[in-house]
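S.K.: Provided herewith is a single structure, encoded as C-alpha cells, for subsequent inquiry.
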Amino acid sequence: MLKIIQAIRGMNDLLPDVLFAWRHVEQVLRDIVESYGYREIRTPIVESTALFQRSIGEVTDIVEKEMYTFEDRNGDSLTLRPEGTAGCVRAGIEHGLFYNQVQRLWYQGPLFRHERPQKGRYRQFNQFGVEAFGMPGPDIDAEMILMTARMWQKLGLSEHVTLQLNSLGDRESRKEYHEKLVAYLSKHHDQLDEDSQRRLHTNPLRVLDSKNPDMQSLIQNAPKLLDEIDAESRAHFDRVRFLLDQAEVSYVINPCLVRGLDYYSRTVFEWSTDCLGAQSAICGGGRFDYLVEQLGGHVAPAIGFAIGLERLIALLEHFHLIPVSDLVPDIYFALVGVEAEDKGLLLAEHLRDALPSVKILMNASNGSLKSQLKKADKSGATLALILGANEIEQEVIAVKFLREEKDQVVVSMDELISFLEKEFVN
Ligand code: AMP
C-alpha cells in the first residue's frame with residue numbers, strides 16, 4: 001500500500017455532515033448584513049507581503065511569526081492572507097470605491113496564520129467580516145455592534161456571549177500614551193517576559209495583550225489608554241456607549257482590550273464566550289480611520305469586524321443549536337434490470353423537469369432489488385419508486401412507502417406526475 005498523504009496540521013477538511021451547519025450559519029449572517037445594506041466583496045487569497053507588513057504592522061505576532069510567506073516564480077514575495085481587512089482596503093483603493101462615497105462591504109473566506117494549532121485555533125480558518133468606509137461618526141460603530149447582537153439573537157446565542165468595549169483614541173493620544181506606558185513598563189522591566197521585553201520598545205501596547213498569568217497584575221496596574229484619549233475620541237466613545245445603552249445592549253469596558261493589529265483607532269470591541277476554553281473570542285473589530293490613507297488612498301474613516309466561523313459553529317454545536325440537515329431525498333429510484341436502467345435515467349430527468357422541487361436519488365450501478373431497497377431506506381427518502389421489467393411492460397411504476405405503514409401501490413406512468421405532485425408539492 002502507498003503511504004497516505006494527510007492534510008496539513010491545523011488545516012481542516014469540512015465534510016458534508018458539518019457543511020449543512022456551516023451553510024445555515026453563513027446564510028443567517030449574510031441575510032442580516034445584506035438587510036443592513038452591506039454588499040459582498042471577494043478578494044484574492046494571496047496578496048503582496050508588503051500589504052500586510054504595512055497595514056497590520058511590522059511588530060505584531062501575525063507579521064513577525066505567523067504569515068505564510070513565499071516567493072513566487074517571479075521572485076515576488078507573496079503571502080496567504082492572514083486577515084481580511086487589508087485586502088478589502090487594497091481592493092477599494094485600487095477600484096476607487098472610497099472616493100467621496102460610503103461603502104458597506106462584507107466578505108467571507110479562509111485566512112491563514114501559522115499559529116500553534118489547538119481547539120478553536122487553526123492555521124487555516126474562516127472568517128465572516130464586514131467593513132464600512134466613509135462614515136466617521138459613532139452611529140455606524142453602534143449600528144455595527146447592534147448588527148452583531150442581532151446575529152447572536154438570530155442564532156440563539158445572546159445568553160452565551162459578552163461584549164467588551166474600549167477606545168484607543170486617535171494617533172496623537174496613542175503617541176503620548178506610548179511614552180507613558182514605556183516609562184511604566186521600563187520601571188518594571190524585570191517582571192516582563194521575554195516577548196514583552198522585546199515589545200517594550202517596538203510595540204508596547206501589545207504588552208497589554210499578553211495572556212501570561214505572571215504579568216496580569218502588572219498589566220492591570222499599568223496606565224490606561226482610555227484615561228488618556230483625546231477629547232474628540234472620548235466624546236465619540238461616550239456617544240457609542242449612549243447608543244448601545246439606549247438599545248439595551250450590555251457591555252463591559254475593558255481598558256486592556258487593544259486587539260492584535262496596529263491599524264485600529266478609537267472604538268474597538270470583541271465578543272467572547274466562556275464556553276469554548278482558551279480560544280474564547282468569536283468576533284473582534286474596531287475603527288481603522290487611518291488605514292486607507294496608510295495604504296496610499298485618500299483619507300477614509302472606517303470600521304469593521306470579523307467573526308471566526310469555526311468558533312461560532314463550535315459554540316452552536318455546544319448548545320445543540322444546529323438545525324438538522326434537510327438534504328435527504330424525497331424519492332429513491334430503484335431500477336431493476338438493464339432495460340429499467342436505460343429507461344430510468346430518462347424518466348428521472350423527466351420527473352425533475354416536471355417537479356423541480358422534489359429531490360430524487362437514482363440508484364446507480366445496479367444491484368438486487370433487496371439491496372436497492374436497503375439503500376433506499378438508509379437514504380432517508382419518503383418513497384421508493386421501483387421500475388423493473390414487469391412495470392415497463394405494463395407501463396406502470398411501483399411505489400413503496402418507506403416511512404409509513406402503507407401497502408405498496410402501482411401507479412400508471414400517465415398518472416405518475418400528478419401522484420407525486422400530491423405527495424410532495426402541496
Ligand atoms: P482577528 O482577525 O484576530 O481579530 O480574529 C477575528 C476572529 O477570528 C476571532 O475572534 C476568532 O473568532 C477568529 N480567529 C482568529 N484566529 C483564529 C485561528 N487561528 N483559528 C480559528 N479562529 C480564529
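Naming scheme: A, B, ... for chains in displayed order of the C-alpha cells; residues 1 onward per chain; ligands 1 onward as shown.
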If we count only C-alpha atoms and set the cut-off at 12 Å, which residues sit around Ala384 of chain A, ignoring sequence neighbours fewer than 4 positions away in its own chain? Please answer as an MDAnalysis selection string.
M.R.: chainID A and resid 329:335 359:363 369 372:380 397:404 408:410 420
S.K.: Enumerate as a ChimeraX atom specification the residues within 9 Å of ligand 1, counting only C-alpha atoms and all ligand atoms.
M.R.: /A:10,62,82-85,111-129,259-261,270-272,279-285,305-312
S.K.: Return as a Markdown table the residues of segment 239-296 of chain A lying at most 12 Å from segment 193-210 of chain A, together with the closest atom-to-atom pair for each and the distance in Å to one decimal, counting only C-alpha atoms, with rows in chain order and ascending residue number.
M.R.:
```
| residue | atom | partner | partner_atom | distance |
| --- | --- | --- | --- | --- |
| A:Asn254 | CA | A:Leu208 | CA | 11.2 |
| A:Pro255 | CA | A:Leu208 | CA | 9.3 |
| A:Cys256 | CA | A:Leu208 | CA | 5.9 |
| A:Leu257 | CA | A:Asp209 | CA | 7.0 |
| A:Val258 | CA | A:Asp209 | CA | 6.6 |
| A:Arg259 | CA | A:Asp209 | CA | 7.3 |
| A:Gly260 | CA | A:Arg206 | CA | 7.0 |
| A:Leu261 | CA | A:Arg206 | CA | 8.7 |
| A:Asp262 | CA | A:Asn203 | CA | 8.7 |
| A:Tyr264 | CA | A:Leu205 | CA | 11.7 |
```
S.K.: Any idea what the distance is between atom CA of Ile229 of chain A and atom CA of Arg287 of chain A?
M.R.: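 Answer for the atom CA of Ile229 of chain A to atom CA of Arg287 of chain A separation: 14.6 Å.
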S.K.: Wanna dump the segment 88-110 of chain A-segment 25-33 of chain A contacts at 10 Å for me, each residue with its shortest atom pair and the distance in Å to one decimal, counting only C-alpha atoms, ordered by chain and number, as JSON lines?
M.R.:
```
{"residue": "A:Arg104", "atom": "CA", "partner": "A:Val33", "partner_atom": "CA", "distance": 9.2}
{"residue": "A:Leu105", "atom": "CA", "partner": "A:Val33", "partner_atom": "CA", "distance": 8.9}
{"residue": "A:Trp106", "atom": "CA", "partner": "A:Val33", "partner_atom": "CA", "distance": 7.5}
{"residue": "A:Tyr107", "atom": "CA", "partner": "A:Arg30", "partner_atom": "CA", "distance": 9.3}
{"residue": "A:Gln108", "atom": "CA", "partner": "A:Glu26", "partner_atom": "CA", "distance": 8.7}
```
S.K.: Let's have the selection written as a short mmCIF file (atom, residue, chain, number, x, y, z; two decimals), in the first residue's frame, with N, CA, C and O atoms.
M.R.:
```
data_model
loop_
_atom_site.label_atom_id
_atom_site.label_comp_id
_atom_site.auth_asym_id
_atom_site.auth_seq_id
_atom_site.Cartn_x
_atom_site.Cartn_y
_atom_site.Cartn_z
N ARG A 104 -20.45 49.97 2.30
CA ARG A 104 -20.64 48.91 3.31
C ARG A 104 -20.35 47.58 2.61
O ARG A 104 -21.07 47.21 1.68
N LEU A 105 -19.31 46.89 3.05
CA LEU A 105 -18.88 45.66 2.36
C LEU A 105 -18.84 44.48 3.32
O LEU A 105 -18.56 44.66 4.51
N TRP A 106 -19.12 43.28 2.81
CA TRP A 106 -18.91 42.08 3.62
C TRP A 106 -18.11 41.07 2.82
O TRP A 106 -18.09 41.12 1.58
N TYR A 107 -17.42 40.20 3.52
CA TYR A 107 -16.63 39.17 2.85
C TYR A 107 -16.65 37.91 3.70
O TYR A 107 -16.98 37.94 4.89
N GLN A 108 -16.25 36.86 3.09
CA GLN A 108 -16.16 35.60 3.82
C GLN A 108 -15.12 34.74 3.15
O GLN A 108 -15.01 34.77 1.92
#
```
S.K.: Per DSSP on the backbone, what are the helix (DSSP H, G or I) residues of segment 231-301 of chain A, as a PyMOL selection string?
M.R.: chain A and resi 231-246+291-294
S.K.: Within 10 Å of segment 321-324 of chain A, counting only C-alpha atoms, which residues qualify if same-chain residues fewer than 2 places away don't, as a PyMOL selection string?
M.R.: chain A and resi 17-18+20-22+24-25+155-157+313-319+326-327
S.K.: Near Ser265 of chain A, counting only C-alpha atoms, which residues have an atom at most 9 Å away, once you skip same-chain residues fewer than 4 positions from it, shown as a list in words?
M.R.: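 Once the nearby chain positions are removed, what remains is Ser167, Leu168, Gly169, Asp170, Arg171, Arg174, Gly286, Arg287, Phe288, Asp289 and Tyr290 of chain A.
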S.K.: Could you please take those selected residues and save all heavy atoms as a compact mmCIF listing (two decimals), in the first residue's frame?
M.R.:
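The result, stored in out23.txt:
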```txt
# COMPACT_ATOMS: atom_id res chain seq x y z
N SER A 167 -11.72 52.16 23.85
CA SER A 167 -11.35 53.14 22.83
C SER A 167 -9.85 53.34 22.87
O SER A 167 -9.26 53.47 23.94
CB SER A 167 -12.05 54.47 23.06
OG SER A 167 -11.56 55.41 22.12
N LEU A 168 -9.24 53.35 21.68
CA LEU A 168 -7.78 53.52 21.60
C LEU A 168 -7.41 54.97 21.27
O LEU A 168 -6.23 55.29 21.12
CB LEU A 168 -7.21 52.61 20.51
CG LEU A 168 -7.49 51.11 20.66
CD1 LEU A 168 -6.89 50.34 19.50
CD2 LEU A 168 -6.94 50.58 21.98
N GLY A 169 -8.42 55.84 21.15
CA GLY A 169 -8.13 57.25 20.88
C GLY A 169 -7.59 57.47 19.48
O GLY A 169 -7.59 56.56 18.64
N ASP A 170 -7.11 58.69 19.23
CA ASP A 170 -6.55 58.98 17.91
C ASP A 170 -5.03 58.76 17.91
O ASP A 170 -4.45 58.37 18.92
CB ASP A 170 -6.94 60.39 17.43
CG ASP A 170 -6.27 61.47 18.28
OD1 ASP A 170 -5.43 61.13 19.15
OD2 ASP A 170 -6.57 62.65 18.07
N ARG A 171 -4.41 59.05 16.79
CA ARG A 171 -2.97 58.80 16.64
C ARG A 171 -2.14 59.54 17.69
O ARG A 171 -1.23 58.98 18.29
CB ARG A 171 -2.52 59.26 15.25
CG ARG A 171 -2.35 58.13 14.30
CD ARG A 171 -1.68 58.59 13.03
NE ARG A 171 -2.53 59.50 12.28
CZ ARG A 171 -2.61 59.52 10.95
NH1 ARG A 171 -1.90 58.70 10.24
NH2 ARG A 171 -3.38 60.37 10.33
N ARG A 174 -2.42 58.28 21.22
CA ARG A 174 -1.72 57.00 21.31
C ARG A 174 -0.22 57.23 21.48
O ARG A 174 0.45 56.53 22.22
CB ARG A 174 -1.97 56.18 20.06
CG ARG A 174 -2.74 54.92 20.40
CD ARG A 174 -3.27 54.27 19.19
NE ARG A 174 -2.54 53.05 18.85
CZ ARG A 174 -3.04 52.12 18.04
NH1 ARG A 174 -4.22 52.27 17.52
NH2 ARG A 174 -2.33 51.05 17.78
N GLY A 286 -13.20 46.89 15.12
CA GLY A 286 -12.95 48.24 15.59
C GLY A 286 -12.77 49.20 14.43
O GLY A 286 -12.82 48.81 13.26
N ARG A 287 -12.55 50.46 14.81
CA ARG A 287 -12.30 51.51 13.81
C ARG A 287 -10.88 51.42 13.30
O ARG A 287 -9.97 51.05 14.04
CB ARG A 287 -12.46 52.89 14.45
CG ARG A 287 -13.83 53.35 14.53
CD ARG A 287 -13.97 54.86 14.46
NE ARG A 287 -15.33 55.08 14.04
CZ ARG A 287 -15.72 55.34 12.80
NH1 ARG A 287 -14.83 55.50 11.83
NH2 ARG A 287 -16.98 55.46 12.51
N PHE A 288 -10.72 51.79 12.04
CA PHE A 288 -9.36 51.91 11.49
C PHE A 288 -9.35 53.13 10.58
O PHE A 288 -9.32 53.04 9.37
CB PHE A 288 -8.89 50.61 10.81
CG PHE A 288 -9.88 49.97 9.88
CD1 PHE A 288 -9.83 50.21 8.51
CD2 PHE A 288 -10.86 49.11 10.35
CE1 PHE A 288 -10.73 49.61 7.64
CE2 PHE A 288 -11.77 48.51 9.49
CZ PHE A 288 -11.71 48.76 8.13
N ASP A 289 -9.39 54.28 11.22
CA ASP A 289 -9.59 55.54 10.49
C ASP A 289 -8.40 55.95 9.62
O ASP A 289 -8.55 56.80 8.75
CB ASP A 289 -9.91 56.66 11.48
CG ASP A 289 -11.30 56.48 12.09
OD1 ASP A 289 -12.13 55.80 11.47
OD2 ASP A 289 -11.54 57.00 13.20
N TYR A 290 -7.24 55.37 9.87
CA TYR A 290 -6.05 55.81 9.12
C TYR A 290 -5.57 54.80 8.08
O TYR A 290 -4.64 55.05 7.35
CB TYR A 290 -4.88 56.08 10.10
CG TYR A 290 -5.29 56.94 11.27
CD1 TYR A 290 -5.33 56.43 12.56
CD2 TYR A 290 -5.63 58.28 11.08
CE1 TYR A 290 -5.71 57.22 13.63
CE2 TYR A 290 -6.02 59.08 12.15
CZ TYR A 290 -6.06 58.54 13.43
OH TYR A 290 -6.44 59.33 14.48
```
S.K.: Considering only C-alpha atoms, return as a short mmCIF file (atom, residue, chain, number, x, y, z; two decimals) with N, CA, C and O atoms, in the first residue's frame whatever protein or nucleic-acid residues lie within 8 Å of Cys88 of chain A, sequence-local ones (same chain, fewer than 4 positions apart) excluded.
M.R.:
```
data_model
loop_
_atom_site.label_atom_id
_atom_site.label_comp_id
_atom_site.auth_asym_id
_atom_site.auth_seq_id
_atom_site.Cartn_x
_atom_site.Cartn_y
_atom_site.Cartn_z
N ILE A 41 -17.86 41.52 -1.19
CA ILE A 41 -16.63 41.71 -1.95
C ILE A 41 -15.79 40.43 -1.83
O ILE A 41 -15.77 39.81 -0.76
N THR A 43 -11.93 39.10 -2.60
CA THR A 43 -10.58 39.50 -2.99
C THR A 43 -9.69 38.25 -2.99
O THR A 43 -10.05 37.23 -2.39
N GLY A 84 -8.69 39.77 6.76
CA GLY A 84 -9.43 40.17 5.58
C GLY A 84 -9.42 41.66 5.27
O GLY A 84 -9.67 42.06 4.13
N GLY A 92 -10.45 48.29 -2.49
CA GLY A 92 -11.26 49.50 -2.51
C GLY A 92 -10.49 50.69 -3.06
O GLY A 92 -11.02 51.47 -3.85
#
```
S.K.: One number please: atom CA of Ser418 of chain A to atom CA of Gly337 of chain A, in Å, one decimal.
M.R.: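 Atom CA of Ser418 of chain A sits 26.0 Å away from atom CA of Gly337 of chain A.
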S.K.: How close does each residue of segment 48-164 of chain A get to segment 231-249 of chain A, giving the shortest atom pair and distance in Å to one decimal for every residue with an atom at most 7 Å away, counting only C-alpha atoms, sorted by chain and residue number, as a tab-separated table?
M.R.:
```
residue	atom	partner	partner_atom	distance
A:Pro138	CA	A:Val240	CA	5.3
A:Asp139	CA	A:Val240	CA	6.7
A:Asp141	CA	A:Val240	CA	6.6
A:Ala142	CA	A:Val240	CA	5.6
```
S.K.: A:Pro356, A:Thr49, A:Ala348, A:Glu159: which is nearest Glu64 of chain A, counting only C-alpha atoms?
M.R.: A:Thr49
S.K.: Give me, as a PyMOL selection string, all polymer residues having an atom no more than 7 Å from Ala86 of chain A, counting only C-alpha atoms and skipping those fewer than 4 positions away in the same chain.
M.R.: chain A and resi 51-52+55+90
S.K.: Could you write out, as number ranges by chain, all the residues of segment 55-180 of chain A that DSSP marks as strand (DSSP E or B)?
M.R.: A: 68-71, 77-80, 103-112, 118, 121, 124-133, 162-167
S.K.: Quick one: write out the picked residues with N, CA and C atoms as a JSON list (two decimals), in the first residue's frame?
M.R.:
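File result-v9.json, as written:
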```json
[["chain", "number", "residue", "atom", "x", "y", "z"],
["A", 68, "TYR", "N", 2.12, 32.99, 6.23],
["A", 68, "TYR", "CA", 2.58, 32.04, 5.22],
["A", 68, "TYR", "C", 3.10, 32.87, 4.05],
["A", 69, "THR", "N", 4.41, 33.10, 4.06],
["A", 69, "THR", "CA", 5.01, 33.96, 3.04],
["A", 69, "THR", "C", 5.93, 33.12, 2.17],
["A", 70, "PHE", "N", 5.88, 33.37, 0.88],
["A", 70, "PHE", "CA", 6.72, 32.60, -0.04],
["A", 70, "PHE", "C", 7.06, 33.44, -1.26],
["A", 71, "GLU", "N", 8.09, 33.04, -1.94],
["A", 71, "GLU", "CA", 8.45, 33.71, -3.19],
["A", 71, "GLU", "C", 7.77, 33.00, -4.34],
["A", 77, "SER", "N", 7.57, 38.52, -3.34],
["A", 77, "SER", "CA", 7.19, 37.98, -2.04],
["A", 77, "SER", "C", 5.68, 38.08, -1.87],
["A", 78, "LEU", "N", 5.04, 36.92, -1.73],
["A", 78, "LEU", "CA", 3.58, 36.85, -1.60],
["A", 78, "LEU", "C", 3.22, 36.24, -0.25],
["A", 79, "THR", "N", 2.00, 36.54, 0.20],
["A", 79, "THR", "CA", 1.56, 36.00, 1.49],
["A", 79, "THR", "C", 0.11, 35.56, 1.40],
["A", 80, "LEU", "N", -0.18, 34.39, 1.99],
["A", 80, "LEU", "CA", -1.58, 33.96, 2.11],
["A", 80, "LEU", "C", -2.23, 34.87, 3.13],
["A", 103, "GLN", "N", -19.19, 53.13, 1.71],
["A", 103, "GLN", "CA", -19.25, 51.74, 1.27],
["A", 103, "GLN", "C", -19.52, 50.86, 2.47],
["A", 104, "ARG", "N", -20.45, 49.97, 2.30],
["A", 104, "ARG", "CA", -20.64, 48.91, 3.31],
["A", 104, "ARG", "C", -20.35, 47.58, 2.61],
["A", 105, "LEU", "N", -19.31, 46.89, 3.05],
["A", 105, "LEU", "CA", -18.88, 45.66, 2.36],
["A", 105, "LEU", "C", -18.84, 44.48, 3.32],
["A", 106, "TRP", "N", -19.12, 43.28, 2.81],
["A", 106, "TRP", "CA", -18.91, 42.08, 3.62],
["A", 106, "TRP", "C", -18.11, 41.07, 2.82],
["A", 107, "TYR", "N", -17.42, 40.20, 3.52],
["A", 107, "TYR", "CA", -16.63, 39.17, 2.85],
["A", 107, "TYR", "C", -16.65, 37.91, 3.70],
["A", 108, "GLN", "N", -16.25, 36.86, 3.09],
["A", 108, "GLN", "CA", -16.16, 35.60, 3.82],
["A", 108, "GLN", "C", -15.12, 34.74, 3.15],
["A", 109, "GLY", "N", -14.37, 33.98, 3.93],
["A", 109, "GLY", "CA", -13.41, 33.09, 3.29],
["A", 109, "GLY", "C", -12.31, 32.68, 4.24],
["A", 110, "PRO", "N", -11.36, 31.89, 3.71],
["A", 110, "PRO", "CA", -10.29, 31.36, 4.55],
["A", 110, "PRO", "C", -9.16, 32.36, 4.79],
["A", 111, "LEU", "N", -8.58, 32.26, 5.98],
["A", 111, "LEU", "CA", -7.42, 33.05, 6.37],
["A", 111, "LEU", "C", -6.35, 32.06, 6.83],
["A", 112, "PHE", "N", -5.10, 32.52, 6.85],
["A", 112, "PHE", "CA", -4.00, 31.60, 7.16],
["A", 112, "PHE", "C", -3.06, 32.23, 8.18],
["A", 118, "GLN", "N", -4.63, 24.35, 18.18],
["A", 118, "GLN", "CA", -5.29, 23.79, 19.35],
["A", 118, "GLN", "C", -6.78, 23.96, 19.13],
["A", 121, "ARG", "N", -8.24, 27.01, 17.45],
["A", 121, "ARG", "CA", -7.19, 27.79, 16.80],
["A", 121, "ARG", "C", -6.56, 26.96, 15.69],
["A", 124, "GLN", "N", -5.53, 27.25, 9.01],
["A", 124, "GLN", "CA", -6.47, 27.80, 8.03],
["A", 124, "GLN", "C", -7.81, 27.85, 8.73],
["A", 125, "PHE", "N", -8.39, 29.04, 8.79],
["A", 125, "PHE", "CA", -9.70, 29.18, 9.43],
["A", 125, "PHE", "C", -10.52, 30.15, 8.59],
["A", 126, "ASN", "N", -11.79, 30.24, 8.93],
["A", 126, "ASN", "CA", -12.70, 31.04, 8.09],
["A", 126, "ASN", "C", -13.30, 32.19, 8.87],
["A", 127, "GLN", "N", -13.35, 33.32, 8.24],
["A", 127, "GLN", "CA", -13.99, 34.47, 8.87],
["A", 127, "GLN", "C", -15.12, 34.99, 8.00],
["A", 128, "PHE", "N", -16.10, 35.54, 8.68],
["A", 128, "PHE", "CA", -17.14, 36.32, 8.02],
["A", 128, "PHE", "C", -16.93, 37.74, 8.53],
["A", 129, "GLY", "N", -16.67, 38.68, 7.63],
["A", 129, "GLY", "CA", -16.34, 40.02, 8.10],
["A", 129, "GLY", "C", -17.09, 41.10, 7.36],
["A", 130, "VAL", "N", -17.18, 42.25, 7.98],
["A", 130, "VAL", "CA", -17.77, 43.42, 7.31],
["A", 130, "VAL", "C", -16.87, 44.63, 7.53],
["A", 131, "GLU", "N", -16.90, 45.55, 6.59],
["A", 131, "GLU", "CA", -16.14, 46.79, 6.71],
["A", 131, "GLU", "C", -17.03, 47.92, 6.18],
["A", 132, "ALA", "N", -17.05, 49.04, 6.89],
["A", 132, "ALA", "CA", -17.82, 50.20, 6.43],
["A", 132, "ALA", "C", -16.86, 51.37, 6.28],
["A", 133, "PHE", "N", -16.94, 52.07, 5.15],
["A", 133, "PHE", "CA", -15.98, 53.15, 4.85],
["A", 133, "PHE", "C", -16.70, 54.47, 4.64],
["A", 162, "THR", "N", -20.53, 37.71, 25.53],
["A", 162, "THR", "CA", -20.46, 39.03, 26.16],
["A", 162, "THR", "C", -19.61, 39.96, 25.31],
["A", 163, "LEU", "N", -19.94, 41.24, 25.43],
["A", 163, "LEU", "CA", -19.30, 42.26, 24.62],
["A", 163, "LEU", "C", -18.32, 43.06, 25.46],
["A", 164, "GLN", "N", -17.09, 43.19, 24.96],
["A", 164, "GLN", "CA", -16.10, 44.07, 25.60],
["A", 164, "GLN", "C", -15.82, 45.25, 24.68],
["A", 165, "LEU", "N", -15.62, 46.38, 25.30],
["A", 165, "LEU", "CA", -15.52, 47.62, 24.53],
["A", 165, "LEU", "C", -14.35, 48.43, 25.05],
["A", 166, "ASN", "N", -13.67, 49.13, 24.14],
["A", 166, "ASN", "CA", -12.61, 50.04, 24.57],
["A", 166, "ASN", "C", -12.43, 51.11, 23.49],
["A", 167, "SER", "N", -11.72, 52.16, 23.85],
["A", 167, "SER", "CA", -11.35, 53.14, 22.83],
["A", 167, "SER", "C", -9.85, 53.34, 22.87]]
```
S.K.: I want to know what sits within 8 Å of Pro223 of chain A, based on only C-alpha atoms, with residues of the same chain fewer than 6 positions away left out; could you give that as a list in words?
M.R.: Lys180, Leu181 and Tyr184 of chain A
